[in-house]
Each structure stands twice: as C-alpha cells, then as structure tokens.
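Below is target_28.txt, which holds compact mmCIF, N, CA and C atoms.
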# COMPACT_ATOMS: atom_id res chain seq x y z
N MET H 1 4.46 5.35 21.86
CA MET H 1 3.23 6.01 21.53
C MET H 1 3.39 7.53 21.55
N ARG H 2 4.46 7.99 22.20
CA ARG H 2 4.69 9.44 22.20
C ARG H 2 4.90 9.95 20.79
N LEU H 3 5.64 9.18 19.98
CA LEU H 3 5.85 9.60 18.59
C LEU H 3 4.52 9.66 17.85
N LEU H 4 3.67 8.70 18.07
CA LEU H 4 2.36 8.69 17.43
C LEU H 4 1.56 9.93 17.83
N GLU H 5 1.61 10.28 19.10
CA GLU H 5 0.91 11.49 19.59
C GLU H 5 1.51 12.75 18.95
N LYS H 6 2.84 12.79 18.83
CA LYS H 6 3.50 13.94 18.20
C LYS H 6 3.09 14.06 16.73
N LEU H 7 3.03 12.93 16.04
CA LEU H 7 2.62 12.95 14.64
C LEU H 7 1.18 13.44 14.50
N ALA H 8 0.31 12.99 15.39
CA ALA H 8 -1.08 13.42 15.35
C ALA H 8 -1.19 14.92 15.60
N ALA H 9 -0.41 15.43 16.55
CA ALA H 9 -0.42 16.87 16.84
C ALA H 9 0.04 17.66 15.62
N ARG H 10 1.06 17.15 14.95
CA ARG H 10 1.55 17.83 13.74
C ARG H 10 0.49 17.81 12.64
N ALA H 11 -0.19 16.68 12.50
CA ALA H 11 -1.25 16.57 11.48
C ALA H 11 -2.38 17.55 11.79
N ARG H 12 -2.70 17.69 13.06
CA ARG H 12 -3.75 18.66 13.44
C ARG H 12 -3.32 20.08 13.06
N ARG H 13 -2.06 20.42 13.35
CA ARG H 13 -1.55 21.77 13.05
C ARG H 13 -1.55 22.05 11.55
N THR H 14 -1.13 21.06 10.77
CA THR H 14 -0.97 21.28 9.33
C THR H 14 -2.23 20.98 8.54
N GLY H 15 -3.15 20.23 9.16
CA GLY H 15 -4.36 19.85 8.44
C GLY H 15 -4.12 18.77 7.41
N ARG H 16 -2.97 18.08 7.51
CA ARG H 16 -2.63 17.04 6.54
C ARG H 16 -2.51 15.68 7.23
N LEU H 17 -3.01 14.65 6.56
CA LEU H 17 -2.90 13.29 7.06
C LEU H 17 -1.44 12.85 7.00
N ILE H 18 -0.97 12.16 8.02
CA ILE H 18 0.39 11.61 8.03
C ILE H 18 0.29 10.10 7.91
N VAL H 19 1.10 9.54 7.03
CA VAL H 19 1.17 8.09 6.87
C VAL H 19 2.49 7.64 7.47
N ALA H 20 2.41 6.78 8.48
CA ALA H 20 3.60 6.25 9.15
C ALA H 20 3.94 4.89 8.54
N VAL H 21 5.14 4.76 8.02
CA VAL H 21 5.58 3.49 7.42
C VAL H 21 6.25 2.67 8.52
N LEU H 22 5.71 1.49 8.76
CA LEU H 22 6.15 0.67 9.89
C LEU H 22 6.49 -0.75 9.46
N ASP H 23 7.44 -1.34 10.19
CA ASP H 23 7.67 -2.77 10.00
C ASP H 23 6.65 -3.50 10.88
N ASN H 24 6.73 -4.79 10.91
CA ASN H 24 5.74 -5.58 11.63
C ASN H 24 6.21 -6.01 13.02
N ALA H 25 7.03 -5.20 13.64
CA ALA H 25 7.51 -5.50 14.99
C ALA H 25 6.32 -5.57 15.95
N GLN H 26 6.38 -6.48 16.90
CA GLN H 26 5.29 -6.65 17.86
C GLN H 26 4.96 -5.37 18.60
N ILE H 27 5.97 -4.57 18.90
CA ILE H 27 5.74 -3.34 19.66
C ILE H 27 4.79 -2.38 18.94
N HIS H 28 4.72 -2.47 17.63
CA HIS H 28 3.82 -1.61 16.86
C HIS H 28 2.38 -2.13 16.86
N LYS H 29 2.19 -3.32 17.42
CA LYS H 29 0.88 -3.95 17.32
C LYS H 29 0.29 -4.35 18.67
N THR H 30 0.79 -3.78 19.74
CA THR H 30 0.22 -4.09 21.06
C THR H 30 -1.21 -3.56 21.13
N ARG H 31 -1.94 -4.04 22.10
CA ARG H 31 -3.33 -3.60 22.25
C ARG H 31 -3.41 -2.09 22.44
N ALA H 32 -2.53 -1.54 23.27
CA ALA H 32 -2.54 -0.09 23.53
C ALA H 32 -2.22 0.69 22.26
N VAL H 33 -1.26 0.21 21.48
CA VAL H 33 -0.90 0.90 20.24
C VAL H 33 -2.03 0.80 19.22
N ARG H 34 -2.66 -0.36 19.12
CA ARG H 34 -3.79 -0.50 18.20
C ARG H 34 -4.93 0.46 18.57
N ARG H 35 -5.18 0.60 19.87
CA ARG H 35 -6.21 1.56 20.30
C ARG H 35 -5.82 2.98 19.91
N ALA H 36 -4.51 3.31 20.06
CA ALA H 36 -4.05 4.64 19.68
C ALA H 36 -4.20 4.85 18.17
N TRP H 37 -3.87 3.83 17.37
CA TRP H 37 -4.06 3.95 15.91
C TRP H 37 -5.52 4.23 15.60
N ASP H 38 -6.42 3.50 16.25
CA ASP H 38 -7.85 3.70 16.01
C ASP H 38 -8.28 5.11 16.42
N ARG H 39 -7.82 5.55 17.58
CA ARG H 39 -8.21 6.87 18.09
C ARG H 39 -7.68 8.00 17.21
N LEU H 40 -6.50 7.81 16.63
CA LEU H 40 -5.85 8.88 15.87
C LEU H 40 -5.92 8.68 14.36
N ALA H 41 -6.75 7.74 13.90
CA ALA H 41 -6.81 7.39 12.47
C ALA H 41 -7.16 8.58 11.59
N ARG H 42 -7.81 9.55 12.15
CA ARG H 42 -8.16 10.75 11.36
C ARG H 42 -6.90 11.55 11.00
N TYR H 43 -5.84 11.40 11.79
CA TYR H 43 -4.62 12.20 11.62
C TYR H 43 -3.42 11.40 11.14
N VAL H 44 -3.31 10.16 11.62
CA VAL H 44 -2.13 9.33 11.32
C VAL H 44 -2.61 7.93 10.97
N ARG H 45 -2.08 7.40 9.87
CA ARG H 45 -2.43 6.04 9.45
C ARG H 45 -1.17 5.22 9.25
N PRO H 46 -1.21 3.96 9.64
CA PRO H 46 -0.04 3.10 9.41
C PRO H 46 -0.01 2.55 7.99
N LEU H 47 1.17 2.43 7.44
CA LEU H 47 1.38 1.72 6.18
C LEU H 47 2.39 0.63 6.53
N TRP H 48 1.92 -0.60 6.55
CA TRP H 48 2.76 -1.71 7.02
C TRP H 48 3.66 -2.22 5.90
N LEU H 49 4.94 -2.32 6.19
CA LEU H 49 5.87 -2.94 5.25
C LEU H 49 5.57 -4.43 5.21
N PRO H 50 5.89 -5.09 4.10
CA PRO H 50 5.70 -6.54 4.06
C PRO H 50 6.54 -7.22 5.13
N THR H 51 6.05 -8.32 5.64
CA THR H 51 6.77 -9.08 6.65
C THR H 51 8.14 -9.50 6.11
N TYR H 52 9.14 -9.46 6.98
CA TYR H 52 10.51 -9.86 6.63
C TYR H 52 11.05 -9.10 5.43
N SER H 53 11.01 -7.79 5.50
CA SER H 53 11.53 -6.98 4.39
C SER H 53 12.42 -5.85 4.91
N PRO H 54 13.51 -6.18 5.60
CA PRO H 54 14.38 -5.13 6.13
C PRO H 54 15.01 -4.27 5.05
N ASP H 55 15.09 -4.78 3.83
CA ASP H 55 15.67 -4.00 2.74
C ASP H 55 14.79 -2.80 2.37
N LEU H 56 13.53 -2.80 2.76
CA LEU H 56 12.64 -1.68 2.50
C LEU H 56 12.64 -0.65 3.63
N ASN H 57 13.29 -0.98 4.72
CA ASN H 57 13.27 -0.13 5.90
C ASN H 57 14.67 0.46 6.10
N ASP H 58 14.84 1.73 5.74
CA ASP H 58 16.16 2.37 5.77
C ASP H 58 16.87 2.25 7.12
N ILE H 59 16.14 2.37 8.20
CA ILE H 59 16.79 2.37 9.50
C ILE H 59 17.43 1.01 9.82
N GLU H 60 16.93 -0.06 9.21
CA GLU H 60 17.52 -1.38 9.45
C GLU H 60 18.99 -1.42 9.02
N ARG H 61 19.30 -0.71 7.95
CA ARG H 61 20.70 -0.66 7.50
C ARG H 61 21.57 0.07 8.52
N VAL H 62 21.00 1.10 9.12
CA VAL H 62 21.75 1.83 10.15
C VAL H 62 21.97 0.93 11.36
N TRP H 63 20.90 0.26 11.83
CA TRP H 63 21.05 -0.62 12.99
C TRP H 63 22.14 -1.67 12.73
N LYS H 64 22.09 -2.28 11.55
CA LYS H 64 23.06 -3.34 11.24
C LYS H 64 24.49 -2.81 11.30
N ARG H 65 24.71 -1.69 10.64
CA ARG H 65 26.05 -1.11 10.62
C ARG H 65 26.52 -0.75 12.03
N GLU H 66 25.66 -0.13 12.79
CA GLU H 66 26.04 0.29 14.14
C GLU H 66 26.30 -0.90 15.06
N LYS H 67 25.45 -1.92 14.96
CA LYS H 67 25.67 -3.10 15.80
C LYS H 67 27.01 -3.74 15.47
N GLU H 68 27.32 -3.85 14.18
CA GLU H 68 28.55 -4.50 13.76
C GLU H 68 29.80 -3.70 14.14
N HIS H 69 29.73 -2.38 14.00
CA HIS H 69 30.93 -1.56 14.14
C HIS H 69 31.07 -0.85 15.48
N HIS H 70 29.99 -0.66 16.22
CA HIS H 70 30.10 0.14 17.44
C HIS H 70 29.57 -0.52 18.69
N PHE H 71 28.76 -1.57 18.56
CA PHE H 71 28.18 -2.15 19.75
C PHE H 71 28.47 -3.63 19.94
N ALA H 72 29.09 -4.26 18.96
CA ALA H 72 29.41 -5.68 19.08
C ALA H 72 30.46 -5.88 20.17
N ASN H 73 30.23 -6.87 21.00
CA ASN H 73 31.18 -7.23 22.07
C ASN H 73 31.47 -6.08 23.02
N ALA H 74 30.52 -5.20 23.22
CA ALA H 74 30.70 -4.07 24.14
C ALA H 74 29.85 -4.29 25.38
N LEU H 75 30.44 -4.03 26.53
CA LEU H 75 29.70 -4.17 27.78
C LEU H 75 29.48 -2.80 28.40
N SER H 76 28.36 -2.65 29.07
CA SER H 76 28.06 -1.42 29.80
C SER H 76 27.77 -1.81 31.24
N PRO H 77 28.10 -0.94 32.19
CA PRO H 77 27.90 -1.28 33.59
C PRO H 77 26.42 -1.34 34.01
N SER H 78 25.54 -0.70 33.23
CA SER H 78 24.12 -0.72 33.57
C SER H 78 23.29 -0.49 32.31
N HIS H 79 22.01 -0.75 32.44
CA HIS H 79 21.10 -0.52 31.32
C HIS H 79 21.10 0.97 30.94
N GLU H 80 21.08 1.83 31.95
CA GLU H 80 21.08 3.27 31.71
C GLU H 80 22.35 3.71 30.99
N ALA H 81 23.49 3.14 31.38
CA ALA H 81 24.75 3.49 30.72
C ALA H 81 24.74 3.05 29.26
N PHE H 82 24.16 1.87 29.00
CA PHE H 82 24.05 1.41 27.63
C PHE H 82 23.15 2.33 26.81
N GLN H 83 22.00 2.71 27.39
CA GLN H 83 21.10 3.62 26.68
C GLN H 83 21.80 4.93 26.35
N GLU H 84 22.55 5.46 27.29
CA GLU H 84 23.25 6.73 27.02
C GLU H 84 24.31 6.54 25.96
N ARG H 85 24.97 5.40 25.95
CA ARG H 85 25.98 5.13 24.91
C ARG H 85 25.32 5.11 23.53
N VAL H 86 24.17 4.47 23.44
CA VAL H 86 23.45 4.41 22.16
C VAL H 86 23.01 5.82 21.76
N ARG H 87 22.43 6.58 22.70
CA ARG H 87 22.01 7.95 22.37
C ARG H 87 23.18 8.80 21.90
N ALA H 88 24.30 8.70 22.59
CA ALA H 88 25.49 9.49 22.21
C ALA H 88 25.95 9.12 20.81
N ARG H 89 25.95 7.84 20.50
CA ARG H 89 26.38 7.41 19.16
C ARG H 89 25.44 7.96 18.10
N PHE H 90 24.14 7.90 18.35
CA PHE H 90 23.20 8.37 17.34
C PHE H 90 23.16 9.89 17.25
N ARG H 91 23.47 10.58 18.34
CA ARG H 91 23.60 12.04 18.23
C ARG H 91 24.78 12.36 17.31
N THR H 92 25.86 11.61 17.45
CA THR H 92 27.02 11.79 16.57
C THR H 92 26.63 11.48 15.13
N LEU H 93 25.92 10.40 14.93
CA LEU H 93 25.51 10.03 13.58
C LEU H 93 24.64 11.08 12.92
N ALA H 94 23.81 11.73 13.70
CA ALA H 94 22.90 12.73 13.14
C ALA H 94 23.66 13.88 12.51
N HIS H 95 24.89 14.09 12.95
CA HIS H 95 25.69 15.19 12.43
C HIS H 95 26.62 14.76 11.30
N VAL H 96 26.61 13.48 11.01
CA VAL H 96 27.44 12.95 9.93
C VAL H 96 26.68 13.13 8.62
N ALA H 97 27.35 13.55 7.59
CA ALA H 97 26.68 13.73 6.29
C ALA H 97 26.14 12.40 5.80
N CYS H 98 24.99 12.44 5.18
CA CYS H 98 24.37 11.20 4.68
C CYS H 98 25.21 10.54 3.60
N ARG H 99 26.14 11.26 3.02
CA ARG H 99 26.95 10.65 1.97
C ARG H 99 27.78 9.49 2.47
N ARG H 100 27.95 9.39 3.79
CA ARG H 100 28.72 8.28 4.33
C ARG H 100 27.92 6.99 4.36
N PHE H 101 26.63 7.10 4.14
CA PHE H 101 25.80 5.90 4.09
C PHE H 101 25.54 5.56 2.64
N PRO H 102 25.44 4.28 2.34
CA PRO H 102 25.25 3.89 0.93
C PRO H 102 23.91 4.38 0.38
N ARG H 103 23.90 4.56 -0.93
CA ARG H 103 22.66 4.96 -1.61
C ARG H 103 21.79 3.73 -1.79
N ARG H 104 20.50 3.98 -1.93
CA ARG H 104 19.58 2.91 -2.27
C ARG H 104 18.68 3.45 -3.36
N GLU H 105 18.65 2.75 -4.46
CA GLU H 105 17.80 3.12 -5.59
C GLU H 105 18.02 4.57 -6.00
N GLY H 106 19.29 4.99 -6.01
CA GLY H 106 19.63 6.31 -6.51
C GLY H 106 19.33 7.46 -5.57
N ARG H 107 18.93 7.17 -4.33
CA ARG H 107 18.67 8.26 -3.39
C ARG H 107 19.44 8.04 -2.10
N ARG H 108 19.72 9.12 -1.44
CA ARG H 108 20.42 9.02 -0.16
C ARG H 108 19.43 8.66 0.94
N LEU H 109 19.92 7.92 1.91
CA LEU H 109 19.08 7.60 3.05
C LEU H 109 18.86 8.85 3.89
N ARG H 110 17.71 9.00 4.46
CA ARG H 110 17.36 10.18 5.24
C ARG H 110 17.68 9.94 6.71
N ILE H 111 18.94 9.65 7.00
CA ILE H 111 19.33 9.26 8.35
C ILE H 111 19.02 10.34 9.39
N PRO H 112 19.42 11.62 9.19
CA PRO H 112 19.10 12.61 10.22
C PRO H 112 17.61 12.72 10.50
N ALA H 113 16.79 12.67 9.48
CA ALA H 113 15.33 12.74 9.68
C ALA H 113 14.84 11.52 10.45
N ILE H 114 15.37 10.36 10.14
CA ILE H 114 14.98 9.14 10.83
C ILE H 114 15.32 9.27 12.31
N LEU H 115 16.53 9.75 12.61
CA LEU H 115 16.96 9.86 13.99
C LEU H 115 16.13 10.90 14.76
N ARG H 116 15.76 11.99 14.09
CA ARG H 116 14.88 12.98 14.74
C ARG H 116 13.53 12.35 15.06
N ASN H 117 12.99 11.58 14.14
CA ASN H 117 11.69 10.95 14.37
C ASN H 117 11.74 9.93 15.49
N LEU H 118 12.89 9.32 15.69
CA LEU H 118 13.05 8.37 16.77
C LEU H 118 13.23 9.06 18.13
N GLY H 119 13.42 10.38 18.08
CA GLY H 119 13.61 11.12 19.32
C GLY H 119 15.03 11.07 19.82
N VAL H 120 15.97 10.60 18.99
CA VAL H 120 17.38 10.53 19.40
C VAL H 120 18.01 11.90 19.42
N VAL H 121 17.64 12.72 18.45
CA VAL H 121 18.17 14.09 18.37
C VAL H 121 17.00 15.04 18.17
N ALA H 122 17.23 16.29 18.50
CA ALA H 122 16.17 17.30 18.34
C ALA H 122 16.13 17.81 16.92

Take the structure in the file and give it back as structure tokens.
Amino acid sequence: MRLLEKLAARARRTGRLIVAVLDNAQIHKTRAVRRAWDRLARYVRPLWLPTYSPDLNDIERVWKREKEHHFANALSPSHEAFQERVRARFRTLAHVACRRFPRREGRRLRIPAILRNLGVVA
C-alpha cells in the first residue's frame, strides 16, 4: 500500500490522475487495499488486466527469467538473506540496458521503471 500512497501523493503534486495497471493477484484485492483504492480513487485508479494474462504484464517476463536463471535451486540461510539476494539482483538488473530483454510488440520493456516502481531501486 506504500506504493499506492506514493502514487496518490504524486497525483496530488501533478494534478493528474494515475492509472495503475494490475494483475489479479489476491494481494491487490485485500480488504485493506480495496479501502485504500476507494479512499484514493480521486488520484489513483486501478486498471485490471484480464485474469490469467501474464503475457500482458511485462514484469512477469522478468520474474520468469530471473527465477529460471538466478534463483532456481538456490538456498539462503534466512528469509532476510533471501530478500537481500533478490534486492541485490534487481539492483543489478536496473543498471542493465533494456536491450538485453526481448522486445514485445516492437517496444522495449520498461524494466528500470518497473523496478523503481516496485521500490527495488531508487
């Protein structure tokens, strides 16, 4: 919900409505999140992707690639160590040129912007 609050603050500053494109993950639809959507609807509105459509969600391609190549069969001594490993990998990814990721429909994926929005990098 911190991201939602950040988006609302940005919308207030700019005076422009922000549309957040979301998949249908349960975490996006909890009671608390629904209340936040209602409270902030003047500034931020959800645009729900169709159910079971990972091909429309750019970040899904990143997750798939990273799970297959960097996190498969890897053990971490603790949950915190795993989280830091993921953060470190995505900080590295944020500095990689987008040309290393495949194009979709003639455009490059906006990986650095996606990672910034996730709070992985500043």

Practice task
Determine the nearest neighbour of Val21 of chain H from the options H:Arg45, H:Arg35, H:Arg2, H:His79, counting all atoms listed in the file.
Solution key: H:Arg45

Practice task
Give me the residues within 6 Å of Ala20 of chain H as a PyMOL selection string, counting only N, CA and C atoms and dropping any in the same chain fewer than 2 places off.
Solution key: chain H and resi 18+22+44-47

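In this model, the gap between atom CA of Glu68 of chain H and atom N of Leu49 of chain H comes to 24.9 Å.
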
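Atom N of Ala8 of chain H sits 9.5 Å away from atom CA of Ala41 of chain H.
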
Handout entry: For atom C of Arg31 of chain H and atom N of Arg85 of chain H, the interatomic separation in Å (one decimal)
Key = 29.6 Å

Problem - Backbone DSSP call of strand (DSSP E or B) for segment 34-78 of chain H, listed as a PyMOL selection string - result: chain H and resi 44-48

Around all of segment 20-37 of chain H's listed atoms, make the axis-aligned box with 4 Å on each side and tell me centre and edge lengths in Å to one decimal, as JSON.
{"center_x": 0.7, "center_y": 0.1, "center_z": 15.5, "size_x": 21.9, "size_y": 21.4, "size_z": 24.1}
